[in-house]
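Heads up, my_file.cif below (mmCIF, C-alpha atoms):
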```cif
data_data
loop_
_atom_site.label_atom_id
_atom_site.label_comp_id
_atom_site.auth_asym_id
_atom_site.auth_seq_id
_atom_site.Cartn_x
_atom_site.Cartn_y
_atom_site.Cartn_z
CA MET A 1 0.00 0.00 0.00
CA SER A 2 1.48 3.35 -1.06
CA PRO A 3 1.81 6.18 1.49
CA GLU A 4 -0.91 8.17 -0.29
CA VAL A 5 -3.39 5.27 -0.19
CA LEU A 6 -2.55 4.76 3.49
CA TYR A 7 -3.26 8.43 4.26
CA ILE A 8 -6.55 8.28 2.39
CA THR A 9 -7.53 5.06 4.16
CA LEU A 10 -6.85 6.60 7.57
CA LEU A 11 -8.93 9.64 6.63
CA MET A 12 -11.77 7.38 5.44
CA PHE A 13 -11.66 5.65 8.82
CA LEU A 14 -11.84 8.97 10.65
CA ALA A 15 -14.73 10.23 8.51
CA ALA A 16 -16.69 6.99 9.00
CA ALA A 17 -16.14 7.05 12.77
CA LEU A 18 -17.18 10.69 13.18
CA TYR A 19 -20.20 10.61 10.91
CA SER A 20 -21.53 7.26 12.13
CA SER A 21 -21.47 8.52 15.72
CA VAL A 22 -24.44 10.73 14.78
CA GLY A 23 -26.16 8.20 12.52
CA HIS A 24 -24.61 9.36 9.25
CA ALA A 25 -22.55 7.28 6.82
CA GLY A 26 -19.89 9.83 5.86
CA ALA A 27 -20.46 10.39 2.13
CA SER A 28 -19.71 14.10 2.29
CA GLY A 29 -16.52 13.27 4.19
CA TYR A 30 -15.50 10.67 1.59
CA LEU A 31 -16.22 13.14 -1.20
CA ALA A 32 -14.10 15.76 0.56
CA ILE A 33 -11.20 13.34 0.97
CA MET A 34 -11.36 12.26 -2.66
CA ALA A 35 -11.52 15.90 -3.75
CA LEU A 36 -8.44 16.74 -1.72
CA PHE A 37 -6.53 13.89 -3.37
CA SER A 38 -7.77 14.81 -6.88
CA PHE A 39 -9.90 11.76 -7.62
CA ALA A 40 -11.70 11.88 -10.96
CA PRO A 41 -15.34 13.06 -10.62
CA GLU A 42 -16.63 9.86 -12.23
CA GLU A 43 -14.94 7.88 -9.43
CA MET A 44 -16.29 10.01 -6.60
CA LYS A 45 -20.03 9.34 -6.72
CA PRO A 46 -20.04 5.51 -6.99
CA THR A 47 -17.19 5.19 -4.49
CA ALA A 48 -18.90 7.42 -1.92
CA LEU A 49 -22.21 5.58 -2.33
CA ALA A 50 -20.52 2.18 -1.97
CA LEU A 51 -18.78 3.22 1.25
CA ASN A 52 -22.02 4.76 2.45
CA ILE A 53 -23.82 1.43 2.18
CA PHE A 54 -21.31 -0.34 4.43
CA VAL A 55 -21.41 2.30 7.15
CA ALA A 56 -25.15 3.03 6.95
CA LEU A 57 -25.91 -0.68 7.35
CA ILE A 58 -23.91 -0.74 10.58
CA ALA A 59 -25.43 2.52 11.82
CA THR A 60 -28.98 1.40 11.06
CA TYR A 61 -28.50 -1.87 12.91
CA ARG A 62 -26.81 -0.28 15.93
CA PHE A 63 -29.30 2.58 16.38
CA CYS A 64 -32.33 0.34 15.80
CA LYS A 65 -30.99 -2.24 18.26
CA ALA A 66 -30.53 0.53 20.84
CA GLY A 67 -34.18 1.55 20.35
CA PHE A 68 -33.45 4.79 18.48
CA PHE A 69 -35.75 4.38 15.48
CA SER A 70 -39.30 5.26 14.43
CA TRP A 71 -40.84 3.38 11.53
CA LYS A 72 -43.76 5.82 11.48
CA LEU A 73 -41.36 8.72 10.98
CA PHE A 74 -39.11 6.89 8.52
CA TYR A 75 -41.36 5.30 5.92
CA PRO A 76 -43.04 8.42 4.38
CA PHE A 77 -39.63 9.94 3.64
CA ALA A 78 -38.26 6.63 2.32
CA ILE A 79 -41.07 5.59 -0.04
CA SER A 80 -40.52 8.65 -2.23
CA SER A 81 -36.77 9.09 -1.72
CA ILE A 82 -35.90 5.60 -3.00
CA PRO A 83 -37.18 6.03 -6.59
CA PHE A 84 -35.94 9.62 -6.78
CA ALA A 85 -32.48 8.60 -5.52
CA PHE A 86 -32.46 6.09 -8.38
CA LEU A 87 -33.33 8.84 -10.86
CA GLY A 88 -30.65 11.13 -9.43
CA GLY A 89 -28.11 8.31 -9.60
CA ARG A 90 -28.83 7.82 -13.30
CA MET A 91 -27.97 11.42 -14.12
CA ASP A 92 -24.44 12.32 -15.17
CA LEU A 93 -23.67 15.98 -14.71
CA HIS A 94 -20.99 17.92 -16.55
CA VAL A 95 -17.74 17.73 -14.59
CA ASP A 96 -17.72 21.45 -13.73
CA THR A 97 -21.37 21.40 -12.67
CA TYR A 98 -20.81 18.32 -10.52
CA ARG A 99 -17.81 19.91 -8.80
CA ILE A 100 -19.80 23.06 -7.95
CA ILE A 101 -22.78 21.12 -6.61
CA VAL A 102 -20.61 18.82 -4.51
CA GLY A 103 -18.66 21.85 -3.28
CA ILE A 104 -21.90 23.48 -2.09
CA VAL A 105 -23.00 20.23 -0.40
CA LEU A 106 -19.65 20.02 1.40
CA LEU A 107 -20.00 23.61 2.63
CA TYR A 108 -23.44 22.76 3.97
CA ALA A 109 -22.05 19.62 5.63
CA ALA A 110 -19.28 21.70 7.23
CA TRP A 111 -21.86 24.07 8.66
CA ARG A 112 -23.93 21.13 9.93
CA LEU A 113 -20.92 19.67 11.73
CA THR A 114 -20.38 22.86 13.72
CA ALA A 115 -23.99 24.04 14.16
CA THR A 116 -25.79 23.20 17.38
CA ILE A 117 -29.44 22.19 17.27
CA ARG A 118 -31.26 21.69 20.55
CA ASN A 119 -33.22 18.54 21.28
CA PRO A 120 -36.95 19.40 20.98
CA ALA A 121 -39.01 19.28 24.17
CA ILE A 122 -41.96 17.73 22.32
CA ALA A 123 -41.47 15.90 19.02
CA ARG A 124 -44.39 15.79 16.58
CA ILE A 125 -44.34 13.53 13.53
CA PRO A 126 -45.01 15.55 10.34
CA ASN A 127 -47.88 15.13 7.91
CA VAL A 128 -47.37 12.05 5.73
CA TRP A 129 -47.74 13.90 2.42
CA LEU A 130 -45.30 16.60 3.47
CA SER A 131 -42.78 13.89 4.36
CA VAL A 132 -43.32 12.22 0.98
CA ILE A 133 -42.67 15.47 -0.91
CA ILE A 134 -39.56 16.27 1.14
CA GLY A 135 -38.31 12.70 0.78
CA ALA A 136 -38.55 12.91 -3.01
CA GLY A 137 -36.44 16.07 -3.10
CA LEU A 138 -33.82 14.77 -0.70
CA GLY A 139 -33.66 11.44 -2.51
CA PHE A 140 -33.06 13.07 -5.88
CA VAL A 141 -30.25 15.30 -4.56
CA SER A 142 -28.74 12.31 -2.73
CA GLY A 143 -28.56 10.18 -5.88
CA LEU A 144 -27.39 13.07 -8.03
CA VAL A 145 -24.45 14.03 -5.82
CA GLY A 146 -23.55 10.69 -4.26
CA VAL A 147 -24.61 11.17 -0.64
CA GLY A 148 -27.27 9.43 1.41
CA GLY A 149 -29.19 12.54 2.42
CA GLY A 150 -28.66 12.31 6.16
CA ILE A 151 -26.89 15.67 6.34
CA PHE A 152 -30.14 17.22 5.09
CA LEU A 153 -32.71 15.03 6.88
CA THR A 154 -31.26 15.11 10.41
CA PRO A 155 -31.22 18.91 10.85
CA LEU A 156 -34.66 19.14 9.23
CA LEU A 157 -36.13 16.63 11.69
CA LEU A 158 -34.66 18.53 14.64
CA LEU A 159 -35.31 22.08 13.44
CA MET A 160 -38.97 21.26 12.74
CA ASN A 161 -39.36 19.45 16.08
CA TRP A 162 -40.25 16.23 14.27
CA SER A 163 -37.87 14.04 16.29
CA GLU A 164 -35.54 13.96 19.24
CA THR A 165 -31.83 13.66 18.49
CA LYS A 166 -31.21 9.92 18.91
CA ILE A 167 -34.35 8.94 16.97
CA ALA A 168 -33.33 11.39 14.23
CA SER A 169 -29.95 9.65 14.02
CA GLY A 170 -31.54 6.22 13.69
CA VAL A 171 -34.06 7.36 11.07
CA SER A 172 -31.35 9.17 9.11
CA ALA A 173 -29.12 6.08 9.14
CA ALA A 174 -31.88 3.98 7.55
CA PHE A 175 -32.71 6.82 5.13
CA ILE A 176 -29.06 6.97 4.04
CA LEU A 177 -28.94 3.20 3.59
CA VAL A 178 -31.94 2.94 1.24
CA ASN A 179 -30.95 6.04 -0.74
CA SER A 180 -27.35 4.89 -1.16
CA ILE A 181 -28.48 1.49 -2.44
CA SER A 182 -30.99 3.09 -4.80
CA GLY A 183 -28.48 5.71 -5.95
CA ILE A 184 -25.73 3.23 -6.75
CA ILE A 185 -28.20 1.03 -8.67
CA GLY A 186 -29.19 4.09 -10.69
CA ASN A 187 -25.49 4.83 -11.27
CA TRP A 188 -24.72 1.22 -12.21
CA LYS A 189 -23.29 2.17 -15.60
CA ASN A 190 -20.42 3.89 -13.74
CA ILE A 191 -19.85 1.05 -11.28
CA ASP A 192 -16.57 0.18 -13.03
CA HIS A 193 -15.31 3.66 -12.08
CA ILE A 194 -15.31 2.82 -8.37
CA ALA A 195 -11.83 3.53 -7.01
CA PRO A 196 -9.56 0.46 -7.43
CA THR A 197 -8.50 0.91 -3.80
CA ILE A 198 -12.09 0.39 -2.59
CA ILE A 199 -11.16 -2.67 -0.52
CA PRO A 200 -8.90 -0.89 2.02
CA PHE A 201 -11.27 2.10 1.98
CA ALA A 202 -14.26 -0.16 2.72
CA ALA A 203 -12.39 -1.97 5.49
CA ALA A 204 -11.49 1.37 7.08
CA ALA A 205 -15.08 2.60 6.74
CA VAL A 206 -16.49 -0.56 8.34
CA ILE A 207 -14.09 -0.38 11.29
CA GLY A 208 -14.78 3.33 11.67
CA GLY A 209 -18.51 2.70 11.44
CA LEU A 210 -18.40 0.04 14.14
CA MET A 211 -16.44 2.32 16.44
CA GLY A 212 -18.45 5.45 15.71
CA THR A 213 -21.87 3.86 16.16
CA HIS A 214 -20.78 2.27 19.42
CA LEU A 215 -19.62 5.62 20.75
CA GLY A 216 -22.62 7.43 19.29
CA THR A 217 -25.15 5.24 21.08
CA LYS A 218 -23.18 5.76 24.31
CA LYS A 219 -23.45 9.59 24.17
CA PHE A 220 -19.93 10.20 22.89
CA ASP A 221 -19.06 13.88 22.44
CA VAL A 222 -17.10 14.58 19.23
CA LYS A 223 -17.43 18.37 19.05
CA THR A 224 -13.74 19.14 18.62
CA LEU A 225 -13.14 16.44 16.04
CA ARG A 226 -16.26 17.50 14.13
CA LYS A 227 -14.88 21.05 13.91
CA VAL A 228 -11.61 19.73 12.51
CA LEU A 229 -13.52 17.69 9.95
CA ALA A 230 -15.58 20.77 9.07
CA ILE A 231 -12.35 22.61 8.19
CA VAL A 232 -11.38 19.73 5.89
CA LEU A 233 -14.80 19.93 4.21
CA VAL A 234 -14.42 23.66 3.62
CA ILE A 235 -10.95 23.22 2.10
CA ALA A 236 -12.19 20.42 -0.15
CA SER A 237 -15.22 22.49 -1.15
CA ILE A 238 -13.08 25.46 -2.16
CA LYS A 239 -10.74 23.13 -4.08
CA LEU A 240 -13.66 21.62 -6.00
CA ILE A 241 -15.33 24.92 -6.82
CA LEU A 242 -12.18 26.76 -7.89
CA THR A 243 -10.46 23.99 -9.88
#
```

Could you spell out this file's structure in C-alpha cells?
Amino acid sequence: MSPEVLYITLLMFLAAALYSSVGHAGASGYLAIMALFSFAPEEMKPTALALNIFVALIATYRFCKAGFFSWKLFYPFAISSIPFAFLGGRMDLHVDTYRIIVGIVLLYAAWRLTATIRNPAIARIPNVWLSVIIGAGLGFVSGLVGVGGGIFLTPLLLLMNWSETKIASGVSAAFILVNSISGIIGNWKNIDHIAPTIIPFAAAAVIGGLMGTHLGTKKFDVKTLRKVLAIVLVIASIKLILT
C-alpha cells in the first residue's frame, strides 16, 4: 500500500467514525477526501455511495438495536426518496457542474458539523404527504451528488421538532442506507469507475462505522473532532469549486 493510499484510508476511517457517531454514513466526508486527493469526478459518486452502504448498514443496525428508530417517521420519507435517488443516480452531470454542486454540499455539511441544534421538548411527527414530498427532493439530490441525504434530513427533523436527536440519528441512518443502495443502482453504468483501492477504503469505513456507532449510542461527544472535519470539508469544497 502506497503512502498516499494509506493516508486516504486513515482519513476514510476517521470520517466513518465521526459521521456514524451521529447516525450518518460519511459520504460528504468521503467526497471531501477524494476531492483533496484529486480523484476523478466519475470515481467520486459511486465510491462514496458504496462506502455509504457499508457504514449506513452498521449505523442502522446499531441505532435500531438501541431503540433509536421510528418506523412511522421513517417510511413516508423513504417511499418517495428511494425512486428519486435512483433517478438522481442515473444522471451524469458535466464535470464542472458536478464539482460546484458537490462543493456546495460540502460547505453545507461543514456548517452542519459545527452548528448546534437543541433537542426538541416535544417531538411531533409531520404530515405524511409533506414527508413524501420532502423525501422525493432529498432522494433526488442524494442520488445526483452521491450522498445518502442524512446531512439534510437530520437537521430538518430537529429544526422542525419532528424528532428527538437519537431517533433522528436512527431514522437518518436507515434513510441513508436505502438512498445509497438506490443511488448506486441508478449509477450502475459507472460502477466500473469505483476507485480500485475500494477494498482498504471499505475496510477502514467498516471499522470506523463500528467504532463510531458504538460511541454514538453511548453519548460520545465529538465536538472538537467534528470542527476539525468541518475545516477539511471547507478546504475540499473550495478546491472543488475553484479547480

In Å, with one decimal, what is the gap from CA of Leu49 (chain A) to CA of Ile125 (chain A)?
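Straight-line distance from CA of Leu49 (chain A) to CA of Ile125 (chain A) works out to 28.4 Å.
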
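Counting only C-alpha atoms, the residue from A:Val132, A:Met34, A:Leu10, A:Leu138 that sits nearest to Ser172 (chain A) is A:Leu138.
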
Padding 6 Å on each side, edges along x, y and z: where is the centre of the box around the listed atoms of region 21-40 of chain A, and how long are its edges in Å to one decimal? Output it as lines of an AutoDock Vina configuration file.
```
center_x = -16.3
center_y = 12.0
center_z = 2.4
size_x = 31.6
size_y = 21.5
size_z = 38.7
```

Name the residues within 10 Å of (-19.5, 0.5, 15.3), counting all atoms listed in the file in the file's coordinates, and put them as number ranges by chain.
A: 16-17, 20-21, 55, 58-59, 61-62, 205-217

Selected residue, from A:Ala123, A:Lys189, A:Arg112, A:Asp96, that lies nearest to Gly150 (chain A) when counting all atoms listed in the file
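Under the stated criterion, the closest residue is A:Arg112.
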
Just how far from CA of Ile151 (chain A) is CA of Trp111 (chain A), in Å to one decimal?
10.1 Å

Can you work out which one of A:Pro46, A:Thr154, A:Leu51, A:Phe77 has the shortest atom-to-atom distance to Pro200 (chain A), counting only C-alpha atoms?
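Looking only at the distances to Pro200 (chain A), the closest residue turns out to be A:Leu51.
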
Atom pair CA of Phe140 (chain A) / CA of Met160 (chain A): separation (Å):
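The value is 21.2 Å.
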
Apply the PyMOL selection byres ((chain A and resi 97) around 12) to the displayed file and report the matching residues as a PyMOL selection string.
chain A and resi 41+92-96+98-104+144-145+240-243

Atoms to include: C-alpha atoms. Write the selected residues as a PDB file, in the frame of the given file.
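Dumped to out-v3.pdb:
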```pdb
ATOM      1  CA  PRO A  41     -15.340  13.060 -10.620  1.00  0.00           C
ATOM      2  CA  ASP A  92     -24.440  12.320 -15.170  1.00  0.00           C
ATOM      3  CA  LEU A  93     -23.670  15.980 -14.710  1.00  0.00           C
ATOM      4  CA  HIS A  94     -20.990  17.920 -16.550  1.00  0.00           C
ATOM      5  CA  VAL A  95     -17.740  17.730 -14.590  1.00  0.00           C
ATOM      6  CA  ASP A  96     -17.720  21.450 -13.730  1.00  0.00           C
ATOM      7  CA  TYR A  98     -20.810  18.320 -10.520  1.00  0.00           C
ATOM      8  CA  ARG A  99     -17.810  19.910  -8.800  1.00  0.00           C
ATOM      9  CA  ILE A 100     -19.800  23.060  -7.950  1.00  0.00           C
ATOM     10  CA  ILE A 101     -22.780  21.120  -6.610  1.00  0.00           C
ATOM     11  CA  VAL A 102     -20.610  18.820  -4.510  1.00  0.00           C
ATOM     12  CA  GLY A 103     -18.660  21.850  -3.280  1.00  0.00           C
ATOM     13  CA  ILE A 104     -21.900  23.480  -2.090  1.00  0.00           C
ATOM     14  CA  LEU A 144     -27.390  13.070  -8.030  1.00  0.00           C
ATOM     15  CA  VAL A 145     -24.450  14.030  -5.820  1.00  0.00           C
ATOM     16  CA  LEU A 240     -13.660  21.620  -6.000  1.00  0.00           C
ATOM     17  CA  ILE A 241     -15.330  24.920  -6.820  1.00  0.00           C
ATOM     18  CA  LEU A 242     -12.180  26.760  -7.890  1.00  0.00           C
ATOM     19  CA  THR A 243     -10.460  23.990  -9.880  1.00  0.00           C
TER      20      THR A 243
END
```

Let me make sure I understand: among A:Ala168, A:Leu177, A:Leu158, A:Ile184, which one has the smallest atom-to-atom distance to Gly143 (chain A) if we use all atoms listed in the file?
A:Ile184

For each of A:Ile194, A:Thr114, A:Gly89, A:Trp188, take the minimum atom-to-atom distance to Ser142 (chain A), counting only C-alpha atoms, then give the residue where this is smallest.
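Going through A:Ile194, A:Thr114, A:Gly89, A:Trp188 one by one, the smallest distance to Ser142 (chain A) is for A:Gly89.
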
Residues within 9 Å of (-8.8, 13.8, 1.1), counting all atoms listed in the file, listed as a PyMOL selection string
chain A and resi 7-8+11-12+29-38+232+236

Using all atoms listed in the file, can you tell me which of A:Asn127, A:Ser180, A:Ser169, A:Thr47 comes closest to Ser81 (chain A)?
A:Ser180
